[in-house]
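*Asks:* Input structure: model-v4.tsv, which contains TSV, C-alpha atoms and all ligand atoms.
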chain	number	residue	atom	x	y	z
A	1	MET	CA	132.81	40.25	62.01
A	2	SER	CA	131.28	42.17	59.17
A	3	GLN	CA	132.32	40.94	55.72
A	4	ALA	CA	129.54	42.45	53.66
A	5	THR	CA	129.81	45.75	51.84
A	6	ILE	CA	127.76	48.24	53.85
A	7	ILE	CA	125.48	50.15	51.48
A	8	ASP	CA	125.68	53.82	52.40
A	9	GLY	CA	122.11	55.05	51.95
A	10	LYS	CA	122.98	58.47	53.32
A	11	ALA	CA	125.63	59.12	50.64
A	12	PHE	CA	123.38	57.63	47.97
A	13	ALA	CA	120.51	59.89	49.02
A	14	ALA	CA	122.77	62.96	49.09
A	15	ASP	CA	123.79	62.23	45.47
A	16	LEU	CA	120.17	61.81	44.41
A	17	ARG	CA	119.12	65.03	46.19
A	18	ALA	CA	121.93	66.89	44.40
A	19	THR	CA	120.76	65.48	41.03
A	20	VAL	CA	117.18	66.56	41.79
A	21	ALA	CA	118.35	70.06	42.78
A	22	LYS	CA	120.13	70.33	39.40
A	23	GLN	CA	116.98	69.18	37.59
A	24	VAL	CA	114.95	71.80	39.46
A	25	ALA	CA	117.43	74.54	38.48
A	26	THR	CA	117.20	73.44	34.82
A	27	LEU	CA	113.40	73.43	34.89
A	28	GLN	CA	113.38	76.93	36.37
A	29	LYS	CA	115.92	78.27	33.87
A	30	ASP	CA	114.59	76.62	30.71
A	31	HIS	CA	110.85	76.47	31.41
A	32	GLY	CA	110.12	78.87	34.29
A	33	LEU	CA	108.78	75.85	36.18
A	34	THR	CA	109.26	75.38	39.94
A	35	PRO	CA	108.09	71.92	41.06
A	36	GLY	CA	105.85	72.15	44.14
A	37	LEU	CA	105.07	69.59	46.83
A	38	SER	CA	102.22	69.98	49.32
A	39	VAL	CA	101.97	67.79	52.39
A	40	ILE	CA	98.82	67.36	54.46
A	41	LEU	CA	99.25	66.30	58.09
A	42	VAL	CA	96.16	65.46	60.11
A	43	GLY	CA	96.61	65.36	63.88
A	44	GLU	CA	99.74	65.43	66.02
A	45	ASP	CA	101.41	62.02	65.73
A	46	PRO	CA	105.02	62.80	66.86
A	47	ALA	CA	106.70	60.48	64.32
A	48	SER	CA	104.61	61.98	61.49
A	49	GLU	CA	105.53	65.49	62.66
A	50	VAL	CA	109.23	64.60	62.28
A	51	TYR	CA	108.70	63.00	58.84
A	52	VAL	CA	106.71	65.98	57.58
A	53	ARG	CA	109.26	68.48	58.87
A	54	ASN	CA	112.11	66.53	57.20
A	55	LYS	CA	110.17	66.28	53.92
A	56	GLY	CA	109.52	70.04	53.97
A	57	LYS	CA	113.17	70.84	54.66
A	58	ALA	CA	114.47	68.55	51.90
A	59	THR	CA	111.95	69.90	49.39
A	60	HIS	CA	112.94	73.46	50.17
A	61	GLU	CA	116.68	72.64	49.97
A	62	ALA	CA	116.18	71.13	46.49
A	63	GLY	CA	114.81	74.51	45.34
A	64	MET	CA	111.19	73.43	45.10
A	65	LYS	CA	108.04	75.04	46.43
A	66	SER	CA	107.17	73.36	49.71
A	67	GLU	CA	103.90	73.75	51.61
A	68	GLN	CA	102.49	72.00	54.65
A	69	PHE	CA	98.88	71.99	55.74
A	70	ARG	CA	97.95	70.92	59.25
A	71	LEU	CA	94.47	69.77	60.12
A	72	SER	CA	93.37	69.09	63.69
A	73	SER	CA	93.23	65.53	65.04
A	74	ASP	CA	89.38	65.64	64.98
A	75	ALA	CA	89.21	66.72	61.31
A	76	THR	CA	86.47	65.01	59.28
A	77	THR	CA	86.93	63.07	56.04
A	78	GLN	CA	85.09	65.94	54.32
A	79	ALA	CA	87.59	68.49	55.62
A	80	VAL	CA	90.55	66.45	54.35
A	81	LEU	CA	88.81	65.88	51.00
A	82	ALA	CA	88.20	69.63	50.68
A	83	LYS	CA	91.93	70.32	51.15
A	84	VAL	CA	92.84	67.63	48.60
A	85	ALA	CA	90.38	69.12	46.08
A	86	GLU	CA	91.90	72.58	46.55
A	87	LEU	CA	95.42	71.24	45.92
A	88	ASN	CA	94.26	69.14	42.93
A	89	ALA	CA	93.01	72.37	41.33
A	90	ASP	CA	96.18	74.39	42.03
A	91	PRO	CA	98.54	74.31	39.01
A	92	THR	CA	101.55	75.34	41.17
A	93	VAL	CA	101.16	72.13	43.19
A	94	HIS	CA	102.63	69.14	41.33
A	95	GLY	CA	102.81	66.67	44.18
A	96	ILE	CA	100.33	65.97	47.00
A	97	LEU	CA	101.20	63.76	49.96
A	98	VAL	CA	98.79	62.94	52.76
A	99	GLN	CA	100.88	61.73	55.69
A	100	LEU	CA	99.82	58.35	57.07
A	101	PRO	CA	98.52	57.12	59.43
A	102	LEU	CA	95.33	59.20	59.39
A	103	PRO	CA	93.16	59.39	62.52
A	104	ASP	CA	90.52	56.61	62.72
A	105	GLN	CA	87.56	58.85	61.87
A	106	VAL	CA	89.10	59.77	58.50
A	107	ASP	CA	88.35	57.41	55.60
A	108	ALA	CA	91.92	56.84	54.36
A	109	PRO	CA	91.06	54.98	51.12
A	110	ALA	CA	88.61	57.77	50.19
A	111	VAL	CA	91.27	60.42	50.80
A	112	LEU	CA	94.03	58.60	48.89
A	113	GLY	CA	91.57	57.90	46.08
A	114	ALA	CA	90.67	61.59	45.81
A	115	ILE	CA	94.24	62.72	45.02
A	116	ASP	CA	94.74	63.47	41.32
A	117	PRO	CA	96.75	60.37	40.19
A	118	ALA	CA	99.13	62.68	38.28
A	119	LYS	CA	99.96	64.46	41.58
A	120	ASP	CA	100.09	61.27	43.66
A	121	VAL	CA	103.81	61.34	44.50
A	122	ASP	CA	103.32	58.54	47.06
A	123	GLY	CA	101.97	56.24	44.32
A	124	PHE	CA	99.16	55.02	46.59
A	125	HIS	CA	96.21	55.76	44.27
A	126	VAL	CA	94.69	52.61	42.78
A	127	ILE	CA	95.28	54.03	39.29
A	128	ASN	CA	99.02	54.18	39.99
A	129	VAL	CA	98.95	50.74	41.62
A	130	GLY	CA	97.26	49.40	38.47
A	131	LEU	CA	99.71	51.17	36.14
A	132	LEU	CA	102.70	49.77	38.05
A	133	ASN	CA	101.30	46.26	38.05
A	134	THR	CA	100.65	46.35	34.31
A	135	GLY	CA	104.18	47.61	33.59
A	136	GLN	CA	103.12	51.14	32.58
A	137	ASP	CA	104.46	54.57	33.59
A	138	ALA	CA	103.19	55.12	37.13
A	139	MET	CA	103.99	57.22	40.15
A	140	VAL	CA	105.76	54.55	42.23
A	141	PRO	CA	105.92	54.53	46.06
A	142	CYS	CA	109.13	56.18	47.28
A	143	THR	CA	110.57	53.51	49.58
A	144	PRO	CA	110.53	50.69	46.99
A	145	VAL	CA	112.00	53.04	44.37
A	146	GLY	CA	114.83	53.87	46.79
A	147	CYS	CA	115.46	50.17	47.45
A	148	LEU	CA	115.57	49.43	43.72
A	149	LEU	CA	118.03	52.25	42.98
A	150	MET	CA	120.43	50.94	45.63
A	151	LEU	CA	120.00	47.34	44.47
A	152	LYS	CA	120.77	48.19	40.86
A	153	HIS	CA	123.82	50.13	41.93
A	154	VAL	CA	125.16	47.20	43.95
A	155	VAL	CA	124.03	44.23	41.84
A	156	GLY	CA	123.81	45.70	38.33
A	157	ASP	CA	121.48	43.77	36.03
A	158	LEU	CA	118.83	42.02	38.14
A	159	THR	CA	117.60	39.71	35.38
A	160	GLY	CA	116.99	36.18	36.61
A	161	LYS	CA	117.93	36.90	40.23
A	162	ARG	CA	115.88	35.19	42.91
A	163	ALA	CA	114.42	37.92	45.11
A	164	ILE	CA	112.34	37.54	48.24
A	165	VAL	CA	110.28	40.38	49.67
A	166	VAL	CA	109.30	39.72	53.29
A	167	GLY	CA	106.18	41.76	54.07
A	168	ARG	CA	103.12	42.40	51.91
A	169	SER	CA	102.15	45.98	52.72
A	170	ASN	CA	100.67	48.28	50.09
A	171	ILE	CA	103.38	50.88	50.82
A	172	VAL	CA	106.45	48.66	50.49
A	173	GLY	CA	106.03	44.90	49.98
A	174	LYS	CA	103.58	44.74	47.07
A	175	PRO	CA	105.06	47.60	45.00
A	176	MET	CA	108.58	46.27	45.69
A	177	ALA	CA	107.57	42.87	44.30
A	178	ALA	CA	106.09	44.56	41.21
A	179	LEU	CA	109.28	46.58	40.62
A	180	LEU	CA	111.50	43.50	40.96
A	181	LEU	CA	109.28	41.57	38.56
A	182	LYS	CA	109.64	44.43	36.08
A	183	GLN	CA	113.43	43.97	36.43
A	184	HIS	CA	112.98	40.29	35.45
A	185	CYS	CA	113.66	38.87	38.92
A	186	THR	CA	112.00	35.67	40.07
A	187	VAL	CA	110.04	37.08	42.98
A	188	THR	CA	108.74	35.47	46.16
A	189	LEU	CA	106.38	37.69	48.17
A	190	ALA	CA	106.51	36.25	51.67
A	191	HIS	CA	104.58	37.19	54.80
A	192	SER	CA	103.67	36.13	58.33
A	193	ARG	CA	101.87	32.97	57.14
A	194	THR	CA	104.67	31.81	54.81
A	195	VAL	CA	105.73	28.23	55.58
A	196	ASP	CA	109.49	27.81	56.17
A	197	LEU	CA	110.38	31.48	55.83
A	198	PRO	CA	114.07	30.81	56.68
A	199	GLY	CA	114.26	28.25	53.85
A	200	GLU	CA	112.59	30.66	51.40
A	201	CYS	CA	115.07	33.40	52.35
A	202	ARG	CA	118.07	31.05	52.01
A	203	ARG	CA	117.28	30.53	48.32
A	204	ALA	CA	117.30	34.25	47.56
A	205	ASP	CA	120.05	36.30	45.91
A	206	ILE	CA	118.21	39.43	47.08
A	207	VAL	CA	116.37	39.82	50.40
A	208	ILE	CA	114.09	42.81	50.98
A	209	ALA	CA	113.01	42.91	54.62
A	210	ALA	CA	109.85	44.95	55.17
A	211	VAL	CA	108.00	43.04	57.82
A	212	GLY	CA	108.10	45.49	60.74
A	213	ARG	CA	109.54	43.05	63.33
A	214	ALA	CA	112.82	43.87	65.02
A	215	GLU	CA	115.72	41.65	63.88
A	216	MET	CA	113.42	38.85	62.78
A	217	ILE	CA	115.60	37.81	59.83
A	218	ARG	CA	118.65	36.01	61.16
A	219	GLY	CA	122.12	35.53	59.73
A	220	ASP	CA	121.58	31.83	59.00
A	221	TRP	CA	118.57	32.73	56.79
A	222	ILE	CA	120.89	34.53	54.36
A	223	LYS	CA	122.54	32.88	51.36
A	224	PRO	CA	126.29	33.63	51.33
A	225	GLY	CA	126.95	36.65	49.12
A	226	ALA	CA	123.29	37.74	48.93
A	227	THR	CA	122.29	41.42	48.88
A	228	VAL	CA	120.14	42.42	51.85
A	229	ILE	CA	117.98	45.56	51.89
A	230	ASP	CA	116.47	46.29	55.30
A	231	VAL	CA	113.41	48.55	55.23
A	232	GLY	CA	112.56	48.05	58.92
A	233	ILE	CA	112.82	50.84	61.49
A	234	ASN	CA	112.09	49.44	64.95
A	235	ARG	CA	112.69	51.18	68.25
A	236	ILE	CA	113.85	48.74	70.89
A	237	GLU	CA	115.44	48.88	74.32
A	238	ARG	CA	118.63	46.87	74.86
A	239	ASP	CA	120.93	46.97	77.90
A	240	GLY	CA	118.83	49.87	79.20
A	241	LYS	CA	119.42	51.90	76.04
A	242	ARG	CA	116.94	52.88	73.34
A	243	LYS	CA	118.08	51.80	69.91
A	244	LEU	CA	116.90	51.77	66.28
A	245	VAL	CA	117.17	48.40	64.58
A	246	GLY	CA	115.95	46.95	61.31
A	247	ASP	CA	114.03	43.79	60.49
A	248	VAL	CA	117.36	42.00	59.94
A	249	ALA	CA	119.80	40.95	62.68
A	250	PHE	CA	122.50	43.17	61.22
A	251	ASP	CA	125.73	41.76	62.69
A	252	GLU	CA	124.76	38.16	61.94
A	253	ALA	CA	123.59	38.94	58.40
A	254	ALA	CA	126.59	41.17	57.61
A	255	ALA	CA	128.88	38.21	58.31
A	256	VAL	CA	127.21	36.22	55.51
A	257	ALA	CA	125.80	38.69	52.98
A	258	GLY	CA	127.68	40.24	50.06
A	259	ALA	CA	126.14	43.66	50.72
A	260	ILE	CA	123.67	45.00	53.28
A	261	THR	CA	121.96	48.27	54.22
A	262	PRO	CA	122.39	49.46	57.82
A	263	VAL	CA	119.62	50.83	60.06
A	264	PRO	CA	119.72	53.77	60.43
A	265	GLY	CA	121.51	55.17	57.36
A	266	GLY	CA	120.30	52.73	54.72
A	267	VAL	CA	116.85	52.83	53.14
A	268	GLY	CA	115.50	55.67	55.33
A	269	PRO	CA	117.37	58.60	53.74
A	270	MET	CA	116.52	57.29	50.25
A	271	THR	CA	112.76	57.55	50.81
A	272	ILE	CA	112.72	61.36	51.04
A	273	ALA	CA	115.20	61.70	48.15
A	274	CYS	CA	112.85	59.57	46.00
A	275	LEU	CA	109.90	61.73	47.03
A	276	LEU	CA	111.75	64.74	45.61
A	277	LYS	CA	112.51	62.77	42.45
A	278	ASN	CA	108.83	61.77	42.10
A	279	THR	CA	107.81	65.42	42.50
A	280	VAL	CA	110.10	66.45	39.63
A	281	THR	CA	108.74	63.60	37.48
A	282	ALA	CA	105.16	64.66	38.28
A	283	ALA	CA	105.88	68.33	37.47
A	284	CYS	CA	107.45	67.38	34.12
A	285	ARG	CA	104.62	65.05	33.13
A	286	GLN	CA	101.96	67.62	34.06
A	287	ASN	CA	103.68	70.19	31.84
A	288	ALA	CA	104.58	67.78	29.00
A	289	ILE	CA	108.29	68.54	29.51
A	290	ALA	CA	110.99	65.86	29.15
A	291	GLU	CA	112.60	65.20	32.53
A	292	PRO	CA	116.10	66.83	32.64
A	293	ALA	CA	119.01	64.37	32.97
A	301	LIG	N1	103.84	57.24	56.69
A	301	LIG	C1	104.90	56.38	56.77
A	301	LIG	N2	105.47	56.22	55.56
A	301	LIG	C2	104.76	56.99	54.69
A	301	LIG	C3	104.86	57.25	53.30
A	301	LIG	O1	105.73	56.73	52.58
A	301	LIG	N3	103.94	58.11	52.79
A	301	LIG	C4	102.97	58.68	53.56
A	301	LIG	N4	102.11	59.48	52.97
A	301	LIG	N5	102.85	58.46	54.85
A	301	LIG	C5	103.74	57.62	55.41
Now, as a test, write the supplied structure out as structure tokens.
*Replies:*
Amino acid sequence: MSQATIIDGKAFAADLRATVAKQVATLQKDHGLTPGLSVILVGEDPASEVYVRNKGKATHEAGMKSEQFRLSSDATTQAVLAKVAELNADPTVHGILVQLPLPDQVDAPAVLGAIDPAKDVDGFHVINVGLLNTGQDAMVPCTPVGCLLMLKHVVGDLTGKRAIVVGRSNIVGKPMAALLLKQHCTVTLAHSRTVDLPGECRRADIVIAAVGRAEMIRGDWIKPGATVIDVGINRIERDGKRKLVGDVAFDEAAAVAGAITPVPGGVGPMTIACLLKNTVTAACRQNAIAEPA
């Protein structure tokens, strides 16, 4: 039996996309500025194709300029760097996103490091990582931003809350921990080698699951009333049916938690909405314009 409030990421994302669309209209009307996002996709990974298509559609729907560049699966690092350099130099492009994963022959750190940090709407450039970790204005990775927006909506002031982030990736775990620290949480960054992970989770008022293992976090790991944000998207087969599940055993956790995000329909929709928001922020900063409300 579910007792927790189910956090509706889809509705939350729709609200955020509508706010961004309004900001875009204001920027066009008052400043003649149309924020632009360019996405580079190398190769033909089917999941990446879907992500890139969805990003393009959402960007377009928000009234922004949206471009996609496709490079073949045998593209060289040099070819990707050349495309990045071209977009860095284009003043109508405010955000650049190189879809990951890149094929093995492409030097991913070199490519991410070549993006102008001001246009780095993914927040993966080491300059942005450094700015975030020193509490300065940075471009912040979209998924953790989405998680934080939902958390603040549900919990309110996060000061003093015990938060655990399970998973230490550069895309989610580490920036999530930095954002929570900035909100004055007491943060535990846990991972596959953490001793007594269930016990660590049980102490937490906030659990962020970003470990990439289907339903690993069980209901009896959750403190009663805690807020659970599930970043995982895992495809599994159960009873002969293919299914999407998170990193949290949803039914078990929902019986204990105060609030929880579902999979699908939780964090996922927020990521693209935050990408749009980051693109508006980048466009405003590049043009020294205050971001519209
Ligand atoms: N692949 C999976 N997630 C992401 C993301 O957030 N950004 C990029 N660039 N690629 C991804």
*Asks:* Could the residues that lie within 8 Å of ligand LIG 301 (chain A), counting only C-alpha atoms and all ligand atoms, be listed as a list in words?
*Replies:* Ser48, Tyr51, Leu97, Val98, Gln99, Leu100, Pro101, Asp122, Pro141, Cys142, Thr143, Ile171 and Thr271 of chain A
*Asks:* Closest to Leu149 of chain A among A:Pro46, A:Glu215, A:Leu180, A:Val24, using only C-alpha atoms?
*Replies:*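 Selected residue with least distance to Leu149 of chain A: A:Leu180.
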*Asks:* Rank A:Leu37, A:Ala282, A:Ala190, A:Ala253 by their smallest atom-to-atom distance to Pro117 of chain A, using all atoms listed in the file, and report the top residue only.
*Replies:*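 Comparing A:Leu37, A:Ala282, A:Ala190, A:Ala253 against Pro117 of chain A, the winner is A:Ala282.
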*Asks:* Tell me which of A:Val20, A:Val267, A:Cys185, A:Val166 sits closest to Gly146 of chain A, counting all atoms listed in the file.
*Replies:*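 So, comparing all the options, the nearest one is A:Val267.
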*Asks:* Just how far from atom CA of Ser38 of chain A is atom CA of Asp104 of chain A, in Å to one decimal?
*Replies:*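 These atoms are spaced 22.3 Å apart.
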*Asks:* Could you list, as a ChimeraX atom specification, every residue within 10 Å of His191 of chain A, counting all atoms listed in the file and ignoring same-chain residues fewer than 5 positions away?
*Replies:* /A:165-169,173,197,210-211
*Asks:* Give me the residues near Lys223 of chain A as number ranges by chain, where near means some atom within 8 Å (using all atoms listed in the file) and where sequence neighbours in that chain fewer than 4 positions away do not count.
*Replies:* A: 201-205, 256-257
*Asks:* Using only C-alpha atoms, which of A:Asn234, A:Gln105, A:Gln68, A:Gln23 sits nearest Gly268 of chain A?
*Replies:*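 Between A:Asn234, A:Gln105, A:Gln68, A:Gln23, the residue approaching Gly268 of chain A most closely is A:Asn234.
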*Asks:* Between atom CA of Gly258 of chain A and atom CA of Ile206 of chain A, what distance in Å does the model show, to one decimal?
*Replies:*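 If I compute the distance from atom CA of Gly258 of chain A to atom CA of Ile206 of chain A, I get 10.0 Å.
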*Asks:* Using only C-alpha atoms for the distances, tell me which of A:Gly113, A:Ala138, A:Thr186, A:Thr92 is nearest to Val126 of chain A.
*Replies:*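 Result for the nearest residue to Val126 of chain A: A:Gly113.
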*Asks:* Just how far from atom CA of Ile208 of chain A is atom CA of Leu41 of chain A, in Å to one decimal?
*Replies:*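 Taking atom CA of Leu41 of chain A and atom CA of Ile208 of chain A, their separation equals 28.7 Å.
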*Asks:* Please determine, counting all atoms listed in the file, which residue among A:Asn133, A:Thr19, A:Gln28, A:Ser73 has the shortest atom-to-atom distance to Ala177 of chain A.
*Replies:*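 Of all the options, A:Asn133 lies closest to Ala177 of chain A.
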*Asks:* When you look at Val140 of chain A with a cut-off of 9 Å (counting all atoms listed in the file), what residues show up, excluding the ones that are within fewer than 5 positions of it in the same chain? I need them as an mmCIF file with C-alpha atoms, keeping the file's coordinate frame.
*Replies:*
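Result file is around-v8.cif:
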data_model
loop_
_atom_site.group_PDB
_atom_site.id
_atom_site.type_symbol
_atom_site.label_atom_id
_atom_site.label_comp_id
_atom_site.auth_asym_id
_atom_site.auth_seq_id
_atom_site.Cartn_x
_atom_site.Cartn_y
_atom_site.Cartn_z
ATOM 1 C CA ASP A 120 100.090 61.270 43.660
ATOM 2 C CA VAL A 121 103.810 61.340 44.500
ATOM 3 C CA ASP A 122 103.320 58.540 47.060
ATOM 4 C CA GLY A 123 101.970 56.240 44.320
ATOM 5 C CA PHE A 124 99.160 55.020 46.590
ATOM 6 C CA ASN A 128 99.020 54.180 39.990
ATOM 7 C CA VAL A 129 98.950 50.740 41.620
ATOM 8 C CA LEU A 132 102.700 49.770 38.050
ATOM 9 C CA VAL A 145 112.000 53.040 44.370
ATOM 10 C CA PRO A 175 105.060 47.600 45.000
ATOM 11 C CA LEU A 179 109.280 46.580 40.620
ATOM 12 C CA ASN A 278 108.830 61.770 42.100
#
*Asks:* Which neighbours of Ala114 of chain A fall inside 8 Å, counting all atoms listed in the file, when residues of the same chain fewer than 4 positions from it are skipped, and could you give them as a list in words?
*Replies:* Leu81, Val84, Ala85 and Ala110 of chain A
*Asks:* If we count only C-alpha atoms, what is near Ile7 of chain A at a cut-off of 7 Å, once residues fewer than 5 positions away on the same chain are taken out, given as a PyMOL selection string?
*Replies:* chain A and resi 259-261+266
*Asks:* Please tell me which residues are no farther than 12 Å from (122.3, 56.3, 48.3) in the file, counting all atoms listed in the file, and write them as a ChimeraX atom specification.
*Replies:* /A:6-19,145-154,261-262,265-274
*Asks:* How would segment 112-129 of chain A look with N, CA, C and O atoms restored, written as a PDB file, in the frame of the given file?
*Replies:*
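Result went into part-v7.pdb, see below:
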ATOM      1  N   LEU A 112      92.959  58.944  49.851  1.00  0.00           N
ATOM      2  CA  LEU A 112      94.030  58.600  48.890  1.00  0.00           C
ATOM      3  C   LEU A 112      93.459  58.506  47.478  1.00  0.00           C
ATOM      4  O   LEU A 112      94.117  58.883  46.506  1.00  0.00           O
ATOM      5  N   GLY A 113      92.216  58.039  47.379  1.00  0.00           N
ATOM      6  CA  GLY A 113      91.570  57.900  46.080  1.00  0.00           C
ATOM      7  C   GLY A 113      91.120  59.217  45.480  1.00  0.00           C
ATOM      8  O   GLY A 113      90.772  59.286  44.298  1.00  0.00           O
ATOM      9  N   ALA A 114      91.117  60.279  46.298  1.00  0.00           N
ATOM     10  CA  ALA A 114      90.670  61.590  45.810  1.00  0.00           C
ATOM     11  C   ALA A 114      91.831  62.410  45.238  1.00  0.00           C
ATOM     12  O   ALA A 114      91.608  63.409  44.547  1.00  0.00           O
ATOM     13  N   ILE A 115      93.066  61.980  45.534  1.00  0.00           N
ATOM     14  CA  ILE A 115      94.240  62.720  45.020  1.00  0.00           C
ATOM     15  C   ILE A 115      94.318  62.506  43.509  1.00  0.00           C
ATOM     16  O   ILE A 115      94.170  61.368  43.025  1.00  0.00           O
ATOM     17  N   ASP A 116      94.538  63.581  42.762  1.00  0.00           N
ATOM     18  CA  ASP A 116      94.740  63.470  41.320  1.00  0.00           C
ATOM     19  C   ASP A 116      95.896  62.472  41.085  1.00  0.00           C
ATOM     20  O   ASP A 116      97.010  62.712  41.574  1.00  0.00           O
ATOM     21  N   PRO A 117      95.674  61.362  40.362  1.00  0.00           N
ATOM     22  CA  PRO A 117      96.750  60.370  40.190  1.00  0.00           C
ATOM     23  C   PRO A 117      98.043  60.974  39.637  1.00  0.00           C
ATOM     24  O   PRO A 117      99.135  60.516  39.971  1.00  0.00           O
ATOM     25  N   ALA A 118      97.929  62.047  38.841  1.00  0.00           N
ATOM     26  CA  ALA A 118      99.130  62.680  38.280  1.00  0.00           C
ATOM     27  C   ALA A 118      99.941  63.410  39.364  1.00  0.00           C
ATOM     28  O   ALA A 118     101.127  63.672  39.190  1.00  0.00           O
ATOM     29  N   LYS A 119      99.287  63.749  40.478  1.00  0.00           N
ATOM     30  CA  LYS A 119      99.960  64.460  41.580  1.00  0.00           C
ATOM     31  C   LYS A 119     100.281  63.523  42.751  1.00  0.00           C
ATOM     32  O   LYS A 119     100.778  63.965  43.790  1.00  0.00           O
ATOM     33  N   ASP A 120      99.981  62.250  42.571  1.00  0.00           N
ATOM     34  CA  ASP A 120     100.090  61.270  43.660  1.00  0.00           C
ATOM     35  C   ASP A 120     101.532  60.788  43.804  1.00  0.00           C
ATOM     36  O   ASP A 120     101.886  59.679  43.404  1.00  0.00           O
ATOM     37  N   VAL A 121     102.383  61.647  44.405  1.00  0.00           N
ATOM     38  CA  VAL A 121     103.810  61.340  44.500  1.00  0.00           C
ATOM     39  C   VAL A 121     104.125  60.170  45.429  1.00  0.00           C
ATOM     40  O   VAL A 121     105.233  59.640  45.412  1.00  0.00           O
ATOM     41  N   ASP A 122     103.147  59.734  46.232  1.00  0.00           N
ATOM     42  CA  ASP A 122     103.320  58.540  47.060  1.00  0.00           C
ATOM     43  C   ASP A 122     103.038  57.262  46.250  1.00  0.00           C
ATOM     44  O   ASP A 122     103.401  56.166  46.679  1.00  0.00           O
ATOM     45  N   GLY A 123     102.323  57.412  45.136  1.00  0.00           N
ATOM     46  CA  GLY A 123     101.970  56.240  44.320  1.00  0.00           C
ATOM     47  C   GLY A 123     100.967  55.310  44.996  1.00  0.00           C
ATOM     48  O   GLY A 123     100.947  54.116  44.719  1.00  0.00           O
ATOM     49  N   PHE A 124     100.105  55.864  45.859  1.00  0.00           N
ATOM     50  CA  PHE A 124      99.160  55.020  46.590  1.00  0.00           C
ATOM     51  C   PHE A 124      97.794  54.921  45.921  1.00  0.00           C
ATOM     52  O   PHE A 124      96.952  54.114  46.311  1.00  0.00           O
ATOM     53  N   HIS A 125      97.515  55.790  44.947  1.00  0.00           N
ATOM     54  CA  HIS A 125      96.210  55.760  44.270  1.00  0.00           C
ATOM     55  C   HIS A 125      96.069  54.473  43.469  1.00  0.00           C
ATOM     56  O   HIS A 125      97.034  54.014  42.848  1.00  0.00           O
ATOM     57  N   VAL A 126      94.863  53.904  43.462  1.00  0.00           N
ATOM     58  CA  VAL A 126      94.690  52.610  42.780  1.00  0.00           C
ATOM     59  C   VAL A 126      95.034  52.690  41.285  1.00  0.00           C
ATOM     60  O   VAL A 126      95.447  51.691  40.695  1.00  0.00           O
ATOM     61  N   ILE A 127      94.892  53.870  40.706  1.00  0.00           N
ATOM     62  CA  ILE A 127      95.280  54.030  39.290  1.00  0.00           C
ATOM     63  C   ILE A 127      96.792  53.787  39.152  1.00  0.00           C
ATOM     64  O   ILE A 127      97.253  53.076  38.258  1.00  0.00           O
ATOM     65  N   ASN A 128      97.571  54.369  40.046  1.00  0.00           N
ATOM     66  CA  ASN A 128      99.020  54.180  39.990  1.00  0.00           C
ATOM     67  C   ASN A 128      99.412  52.745  40.331  1.00  0.00           C
ATOM     68  O   ASN A 128     100.341  52.194  39.743  1.00  0.00           O
ATOM     69  N   VAL A 129      98.691  52.143  41.277  1.00  0.00           N
ATOM     70  CA  VAL A 129      98.950  50.740  41.620  1.00  0.00           C
ATOM     71  C   VAL A 129      98.704  49.873  40.380  1.00  0.00           C
ATOM     72  O   VAL A 129      99.516  49.003  40.031  1.00  0.00           O
TER      73      VAL A 129
END
